[in-house]
Structures are given as C-alpha cells and as structure tokens.
Amino acid sequence: MSPLSRGRALLATALVTLVLVATLLVARGAAPQRQEATLYVFGTLVEITLEGTSKAEADAAVGELAQTFQRMHREWHAWRPEGELFRINQAIALGERIPVSPFVRPLIEQAQAFQAMSGGLFDPAIGRLIGLWGFHADELPEGRLPDPADIEYLVNANPSMDDLTLDGDQLTSTNPLVRLDFGGFAKGVALDRAIDILRARGVPAAIVNAGGDLNTLGQPAGRPWSMGILDPTHWGVIAKVTLEADEVLYTSGNYRRFRIDEGIRRGHIIDPRDGWPVDHIVSASVLHTNGALADAAATALSVAGPEGWVKVAHDMNTPMVLLVDANGAIYTTPAMLERTTLTEDPPHLTVIDPMGP
C-alpha cells in the first residue's frame with residue numbers, strides 16, 4: 001500500500017474510532033474498562049475493541065483473529081500465486097476442473113447468491129476488468145487508461161458467477177474469461193467470521209472495525225453503538241448512525257480507492273454492464289445484521305445509482321441504506337433515517353421505502 005493509501009486508511013479508521021470512543025464514554029460515564037488491539041490486513045487497519053474480557057482473554061482472542069485473517073488474506077487473494085483463489089482462477093482460464101476447499105467454497109456460494117439477488121450488479125466474476133483498470137493491487141493504480149477495445153471485449157464475453165458450477169467439491173466454468181475477485185465482499189465475510197470467533201470465546205460485547213466497515217457483538221453497557229459515516233466529498237463525518245446489538249455497517253465509495261486520469265477521478269467500483277468505473281454515486285452505506293450481504297449490497301447500490309438503488313435495496317433485503325451522489329444529494333430509507341443523525345442539511349434529500357408496496 002502506498003503512503004497516500006495508508007494515510008487514508010488511518011484517517012478513515014481514526015474518524016470512526018473517535019465516534020466510537022465518544023459513545024463509550026457517554027455509555028459508561030467515564031473511561032470504560034476495555035481491551036483494544038489493531039491489526040493490519042486486507043490492505044487496511046483492523047481495529048478490535050473487546051468489552052468485559054481480561055487482558056489474557058483478549059490477547060488469546062486477538063491472536064486467533066490475526067491467524068484467521070492472515071489465512072483469509074492468503075487464500076482468498078485473487079492475484080497472489082500462493083493462494084487457493086489464484087489457483088482456481090488459473091484452472092478456470094485453462095478450462096479445467098478443480099477441487100475447492102471448505103475454506104473457499106462458502107465464498108463462491110455466497111457470491112453466486114448475491115450476484116443473483118443484485119441482478120448482476122454485484123458480480124465477483126469480473127476480476128479481469130478489475131485488473132485491467134489496475135484496482136487489483138494494494139497501491140493506487142497509475143499509468144494509461146485501459147484500451148476501450150479491451151474493455152468492450154471483456155464486457156461482451158460477459159463473465160458471470162452464473163458460469164460456475166459446483167459439483168461436490170469440484171468447480172467448473174463454462175467461460176474461461178471468468179476471474180474471481182472477492183474484494184467486493186471478502187471483508188464482510190471475514191468480519192462475520194471474526195464475530196463468530198469472539199462469540200464462541202464468550203466475549204460479551206465487541207466491535208471489529210476494518211477501515212470504517214464494521215461488525216458489532218452485543219452492546220457496551222447494554223446501550224447502542226454509535227458510528228460515523230464518512231463524508232465522501234470532504235474529510236469528516238456526514239452522519240452518525242445508531243447500531244443495535246450484532247448489527248453491521250458497511251460503506252462502498254469511490255473516495256477510498258481511485259485513479260486520476262487527465263484530471264478525472266475514477267473509482268474502483270466497476271459496472272459489470274459496461275466495464276467502466278461508477279461515477280454517479282460516491283458513497284453507499286448499508287446497515288444490516290450480515291456483513292457479507294451488507295458489503296455486497298453497498299457495491300451493488302453504488303452501481304445501481306440514483307435510478308436503480310430502490311430495486312436493489314428491495315431485492316437484496318436491505319431496508320436501511322444511505323447513498324450520497326457526486327453533488328452531495330442523499331438518498332435513504334425511512335428505516336435508515338430513524339437511525340441516522342445528519343451532521344448538516346444536504347442539498348437534496350430523497351427518502352423512499354424500498355420494502356413498501
């Protein structure tokens with residue numbers, strides 16, 4: 001990761017952490033007894049806050065999380081030869097059948113489900129397009145734009161999760177141009193598993209925050225968590241969101257990873273329909289109880305944009321979402337608005353219930 005990217009990750013985590021710490025102080029009336037640790041994995045900082053555990057218990061839990069995260073980063077990375085996903089992509093390109101381990105299979109199954117729910121707007125099979133734009137590495141991409149002919153070729157080839165078949169532990173693909181890249185929701189899967197580990201260890205309350213995307217376990221002192229959604233156009237917090245026990249908050253935005261070409265900023269979220277970076281929505285946040293689904297839905301909502309977000313929110317069963325467009329206008333739902341305090345009035349506010357008739 002470049003110093004610039006690392007700085008953004010640090011600041012994003014720090015801003016959300018400030019909201020968290022302030023909430024803990026209010027909940028307890030004084031500095032609460034808690035254990036904290038920070039890991040660096042998935043190209044970002046992962047901040048772990050545990051409530052109601054001893055230092056020894058916290059150290060053991062964090063040690064298990066660190067080992068689990070490192071294995072995930074190794075095996076789920078689409079572009080590192082030492083990982084299982086890299087070998088799977090090689091087999092797909094060669095038209096070969098390949099066995100899939102229980103450590104990777106659930107991601108493929110979840111990716112297929114989310115691809116169907118989103119109407120194809122979230123599709124981890126477009127790894128070749130992601131690589132073409134240079135968004136496969138930890139560093140921000142530089143250099144020339146992809147050749148439009150190469151983009152068109154891949155779009156016309158239509159790589160999709162629909163091309164994959166799992167028969168027992170064997171995976172096959174009918175399309176050699178499928179390249180799996182789980183970057184759009186792997187963080188959600190990882191944090192879901194992290195919470196499962198902490199719950200199994202008897203941790204009563206915790207939060208795992210990976211660069212502003214976070215899962216909660218229980219509640220501090222029986223009170224809700226309060227988290228900030230970053231302002232995608234200016235450094236700061238655009239809204240404060242209240243989370244109940246075991247809820248998650250995920251945000252996708254082109255302000256996090258992008259490239260600048262001839263003065264135009266192009267974000268890392270690629271529209272599978274045309275192969276180009278999304279430019280209408282700069283931030284999409286999802287409040288839910290499942291990190292993997294929230295992570296995938298945030299991407300799909302970004303792709304859907306102002307015209308299609310309501311359908312995606314309905315079809316992916318995400319009644320609490322908040323989107324910000326390039327002009328600062330906010331699109332949200334009644335359920336999300338009940339949990340949200342905006343820090344300032346937006347230039348335009350649209351509130352629609354996607355679960356309504």
# chains A, B, ... in the order shown; residues from 1 in each chain; ligands from 1
>>> residues_around(residues="Glu84 of chain A", least_positions_apart="2", cutoff="6 Å", atoms="only C-alpha atoms", output="JSON, numbers by chain")
{"A": [75, 86, 87]}
>>> select_by_dssp(residues="segment 115-156 of chain A", states="alpha helix (DSSP H)", output="list in words")
Gln115, Ala116, Met117, Gly127, Arg128, Leu129, Ile130, Gly131, Leu132, Trp133, Pro148, Ala149, Asp150, Ile151, Glu152, Tyr153, Leu154, Val155 and Asn156 of chain A
>>> write_last_selection(atoms="N, CA and C atoms", output="PDB file, in the first residue's frame")
ATOM      1  N   GLN A 115     -24.920 -12.279  -6.405  1.00  0.00           N
ATOM      2  CA  GLN A 115     -24.987 -11.890  -7.817  1.00  0.00           C
ATOM      3  C   GLN A 115     -26.425 -11.991  -8.315  1.00  0.00           C
ATOM      4  N   ALA A 116     -27.113 -13.069  -7.928  1.00  0.00           N
ATOM      5  CA  ALA A 116     -28.498 -13.251  -8.349  1.00  0.00           C
ATOM      6  C   ALA A 116     -29.409 -12.213  -7.694  1.00  0.00           C
ATOM      7  N   MET A 117     -29.227 -11.973  -6.406  1.00  0.00           N
ATOM      8  CA  MET A 117     -30.065 -11.007  -5.694  1.00  0.00           C
ATOM      9  C   MET A 117     -29.913  -9.598  -6.258  1.00  0.00           C
ATOM     10  N   GLY A 127     -13.131 -10.165 -12.386  1.00  0.00           N
ATOM     11  CA  GLY A 127     -11.775  -9.861 -11.945  1.00  0.00           C
ATOM     12  C   GLY A 127     -10.858  -9.359 -13.046  1.00  0.00           C
ATOM     13  N   ARG A 128     -11.071  -9.823 -14.279  1.00  0.00           N
ATOM     14  CA  ARG A 128     -10.221  -9.345 -15.384  1.00  0.00           C
ATOM     15  C   ARG A 128     -10.449  -7.855 -15.641  1.00  0.00           C
ATOM     16  N   LEU A 129     -11.680  -7.401 -15.513  1.00  0.00           N
ATOM     17  CA  LEU A 129     -11.945  -5.969 -15.661  1.00  0.00           C
ATOM     18  C   LEU A 129     -11.302  -5.179 -14.524  1.00  0.00           C
ATOM     19  N   ILE A 130     -11.374  -5.710 -13.324  1.00  0.00           N
ATOM     20  CA  ILE A 130     -10.743  -5.049 -12.178  1.00  0.00           C
ATOM     21  C   ILE A 130      -9.240  -4.934 -12.403  1.00  0.00           C
ATOM     22  N   GLY A 131      -8.633  -6.021 -12.892  1.00  0.00           N
ATOM     23  CA  GLY A 131      -7.204  -5.993 -13.179  1.00  0.00           C
ATOM     24  C   GLY A 131      -6.857  -5.040 -14.307  1.00  0.00           C
ATOM     25  N   LEU A 132      -7.728  -4.966 -15.310  1.00  0.00           N
ATOM     26  CA  LEU A 132      -7.488  -4.081 -16.444  1.00  0.00           C
ATOM     27  C   LEU A 132      -7.411  -2.620 -15.991  1.00  0.00           C
ATOM     28  N   TRP A 133      -8.231  -2.272 -15.023  1.00  0.00           N
ATOM     29  CA  TRP A 133      -8.238  -0.906 -14.501  1.00  0.00           C
ATOM     30  C   TRP A 133      -7.161  -0.680 -13.443  1.00  0.00           C
ATOM     31  N   PRO A 148     -10.203   0.958 -24.666  1.00  0.00           N
ATOM     32  CA  PRO A 148     -11.650   0.711 -24.712  1.00  0.00           C
ATOM     33  C   PRO A 148     -12.011  -0.586 -25.429  1.00  0.00           C
ATOM     34  N   ALA A 149     -11.197  -0.988 -26.393  1.00  0.00           N
ATOM     35  CA  ALA A 149     -11.472  -2.241 -27.097  1.00  0.00           C
ATOM     36  C   ALA A 149     -11.316  -3.437 -26.164  1.00  0.00           C
ATOM     37  N   ASP A 150     -10.345  -3.370 -25.257  1.00  0.00           N
ATOM     38  CA  ASP A 150     -10.161  -4.453 -24.287  1.00  0.00           C
ATOM     39  C   ASP A 150     -11.336  -4.508 -23.313  1.00  0.00           C
ATOM     40  N   ILE A 151     -11.809  -3.337 -22.903  1.00  0.00           N
ATOM     41  CA  ILE A 151     -12.973  -3.283 -22.019  1.00  0.00           C
ATOM     42  C   ILE A 151     -14.185  -3.890 -22.716  1.00  0.00           C
ATOM     43  N   GLU A 152     -14.409  -3.474 -23.962  1.00  0.00           N
ATOM     44  CA  GLU A 152     -15.558  -3.970 -24.717  1.00  0.00           C
ATOM     45  C   GLU A 152     -15.483  -5.484 -24.906  1.00  0.00           C
ATOM     46  N   TYR A 153     -14.287  -5.989 -25.153  1.00  0.00           N
ATOM     47  CA  TYR A 153     -14.109  -7.432 -25.350  1.00  0.00           C
ATOM     48  C   TYR A 153     -14.538  -8.211 -24.107  1.00  0.00           C
ATOM     49  N   LEU A 154     -14.106  -7.749 -22.937  1.00  0.00           N
ATOM     50  CA  LEU A 154     -14.452  -8.450 -21.705  1.00  0.00           C
ATOM     51  C   LEU A 154     -15.934  -8.308 -21.376  1.00  0.00           C
ATOM     52  N   VAL A 155     -16.501  -7.135 -21.616  1.00  0.00           N
ATOM     53  CA  VAL A 155     -17.927  -6.946 -21.355  1.00  0.00           C
ATOM     54  C   VAL A 155     -18.754  -7.861 -22.251  1.00  0.00           C
ATOM     55  N   ASN A 156     -18.383  -7.957 -23.520  1.00  0.00           N
ATOM     56  CA  ASN A 156     -19.112  -8.825 -24.444  1.00  0.00           C
ATOM     57  C   ASN A 156     -18.961 -10.299 -24.089  1.00  0.00           C
TER      58      ASN A 156
END
>>> residues_around(residues="Ile207 of chain A", least_positions_apart="5", cutoff="8 Å", atoms="only C-alpha atoms", output="PyMOL selection string")
chain A and resi 48-50+214-217
>>> closest_residue(among="A:Val324, A:Ala56, A:Ala66, A:Ala296", to="Gly184 of chain A", atoms="only C-alpha atoms")
A:Ala296
>>> residues_around(residues="segment 92-96 of chain A", least_positions_apart="5", cutoff="10 Å", atoms="only C-alpha atoms", output="list in words")
Phe86, Arg87, Leu164, Leu171, Thr172, Ser173, Thr174, Asn175, Pro176, Leu177, Val178, Arg179 and Leu180 of chain A
>>> residues_around(residues="segment 101-114 of chain A", least_positions_apart="5", cutoff="8 Å", atoms="only C-alpha atoms", output="PDB file with C-alpha atoms, in the first residue's frame")
ATOM      1  CA  GLU A  75      -6.123 -17.989   0.378  1.00  0.00           C
ATOM      2  CA  TRP A  76      -8.740 -15.505  -0.852  1.00  0.00           C
ATOM      3  CA  GLU A  84      -6.115 -21.024  -3.406  1.00  0.00           C
ATOM      4  CA  LEU A  85      -8.191 -18.451  -5.281  1.00  0.00           C
ATOM      5  CA  PHE A 122     -22.552  -7.255  -7.873  1.00  0.00           C
ATOM      6  CA  ASP A 123     -20.520  -9.902  -9.684  1.00  0.00           C
ATOM      7  CA  PRO A 124     -17.115 -11.082  -8.407  1.00  0.00           C
ATOM      8  CA  MET A 161     -20.958 -16.174 -11.411  1.00  0.00           C
ATOM      9  CA  ASP A 162     -23.651 -17.931 -13.464  1.00  0.00           C
ATOM     10  CA  ASP A 169     -16.062 -30.091  -4.083  1.00  0.00           C
ATOM     11  CA  PHE A 182     -13.799 -11.361  -3.860  1.00  0.00           C
ATOM     12  CA  ALA A 186     -14.499 -10.582   1.422  1.00  0.00           C
ATOM     13  CA  VAL A 189     -17.240 -12.415   5.212  1.00  0.00           C
ATOM     14  CA  LEU A 293     -24.541  -9.195   2.474  1.00  0.00           C
ATOM     15  CA  ALA A 296     -22.012  -6.838  -1.396  1.00  0.00           C
ATOM     16  CA  ALA A 297     -25.144  -4.681  -1.286  1.00  0.00           C
ATOM     17  CA  MET A 316     -31.210  -7.671  -1.527  1.00  0.00           C
TER      18      MET A 316
END
>>> closest_residue(among="A:Pro346, A:Thr341, A:Gly43, A:Ala294", to="Thr242 of chain A", atoms="only C-alpha atoms")
A:Thr341
>>> closest_residue(among="A:Gly63, A:Gly202, A:Gly134, A:Gly228", to="Leu287 of chain A", atoms="only C-alpha atoms")
A:Gly228
>>> select_by_dssp(residues="segment 9-227 of chain A", states="strand (DSSP E or B)", output="PDB file with C-alpha atoms, in the first residue's frame")
ATOM      1  CA  ARG A  34     -11.995  -2.489  27.690  1.00  0.00           C
ATOM      2  CA  GLN A  35      -9.269  -4.183  25.667  1.00  0.00           C
ATOM      3  CA  GLU A  36      -8.124  -2.848  22.280  1.00  0.00           C
ATOM      4  CA  ALA A  37      -5.853  -4.109  19.522  1.00  0.00           C
ATOM      5  CA  THR A  38      -5.032  -3.099  15.956  1.00  0.00           C
ATOM      6  CA  LEU A  39      -4.042  -5.401  13.100  1.00  0.00           C
ATOM      7  CA  TYR A  40      -3.016  -4.568   9.538  1.00  0.00           C
ATOM      8  CA  VAL A  41      -4.581  -6.929   6.995  1.00  0.00           C
ATOM      9  CA  THR A  44      -6.287  -1.680   5.829  1.00  0.00           C
ATOM     10  CA  LEU A  45      -6.214  -1.300   9.592  1.00  0.00           C
ATOM     11  CA  VAL A  46      -8.470  -3.629  11.572  1.00  0.00           C
ATOM     12  CA  GLU A  47      -9.289  -2.216  14.984  1.00  0.00           C
ATOM     13  CA  ILE A  48     -10.666  -4.624  17.586  1.00  0.00           C
ATOM     14  CA  THR A  49     -12.392  -3.415  20.752  1.00  0.00           C
ATOM     15  CA  LEU A  50     -13.450  -6.016  23.331  1.00  0.00           C
ATOM     16  CA  GLU A  51     -15.695  -5.316  26.318  1.00  0.00           C
ATOM     17  CA  ILE A  98     -10.515 -28.006  -9.803  1.00  0.00           C
ATOM     18  CA  PRO A  99     -11.296 -29.058  -6.223  1.00  0.00           C
ATOM     19  CA  ILE A 126     -15.284  -9.627 -13.355  1.00  0.00           C
ATOM     20  CA  LEU A 164     -19.645 -21.522 -12.462  1.00  0.00           C
ATOM     21  CA  THR A 165     -20.891 -24.909 -11.285  1.00  0.00           C
ATOM     22  CA  LEU A 166     -20.037 -26.626  -8.009  1.00  0.00           C
ATOM     23  CA  ASP A 167     -20.459 -30.404  -8.052  1.00  0.00           C
ATOM     24  CA  GLN A 170     -15.371 -29.756  -7.818  1.00  0.00           C
ATOM     25  CA  LEU A 171     -15.642 -26.401  -9.597  1.00  0.00           C
ATOM     26  CA  THR A 172     -16.033 -25.910 -13.340  1.00  0.00           C
ATOM     27  CA  SER A 173     -16.673 -22.870 -15.522  1.00  0.00           C
ATOM     28  CA  ARG A 179     -11.652 -14.392 -12.964  1.00  0.00           C
ATOM     29  CA  ALA A 205     -19.509  -7.152  23.556  1.00  0.00           C
ATOM     30  CA  ALA A 206     -17.097  -6.180  20.809  1.00  0.00           C
ATOM     31  CA  ILE A 207     -16.616  -4.218  17.644  1.00  0.00           C
ATOM     32  CA  VAL A 208     -14.341  -5.146  14.755  1.00  0.00           C
ATOM     33  CA  ASN A 209     -13.696  -2.149  12.508  1.00  0.00           C
ATOM     34  CA  ALA A 210     -11.843  -2.670   9.228  1.00  0.00           C
ATOM     35  CA  ASP A 213     -16.555  -1.155   7.744  1.00  0.00           C
ATOM     36  CA  LEU A 214     -17.563  -2.834  10.970  1.00  0.00           C
ATOM     37  CA  ASN A 215     -19.382  -5.618  12.783  1.00  0.00           C
ATOM     38  CA  THR A 216     -20.634  -5.433  16.354  1.00  0.00           C
ATOM     39  CA  LEU A 217     -21.238  -8.072  19.008  1.00  0.00           C
ATOM     40  CA  TRP A 225     -23.218   1.646  19.398  1.00  0.00           C
ATOM     41  CA  SER A 226     -22.845   4.926  17.534  1.00  0.00           C
ATOM     42  CA  MET A 227     -20.748   5.073  14.371  1.00  0.00           C
TER      43      MET A 227
END
>>> closest_residue(among="A:Ser118, A:Met336, A:Asp345, A:Asp231", to="Ala298 of chain A", atoms="only C-alpha atoms")
A:Ser118
>>> atom_distance(atom1="atom CA of Phe135 of chain A", atom2="atom CA of Gly253 of chain A")
13.6 Å
>>> atom_distance(atom1="atom CA of Thr340 of chain A", atom2="atom CA of His280 of chain A")
22.6 Å
>>> closest_residue(among="A:Ala61, A:Ile281, A:Leu337, A:Ala221", to="Arg199 of chain A", atoms="only C-alpha atoms")
A:Ala61
>>> atom_distance(atom1="atom CA of Lys240 of chain A", atom2="atom CA of Gly328 of chain A")
16.3 Å
>>> residues_around(residues="Glu57 of chain A", least_positions_apart="5", cutoff="9 Å", atoms="only C-alpha atoms", output="PyMOL selection string")
chain A and resi 62+201+203
>>> closest_residue(among="A:Thr350, A:Gln70, A:Ser302, A:Thr343", to="Ala329 of chain A", atoms="only C-alpha atoms")
A:Thr350
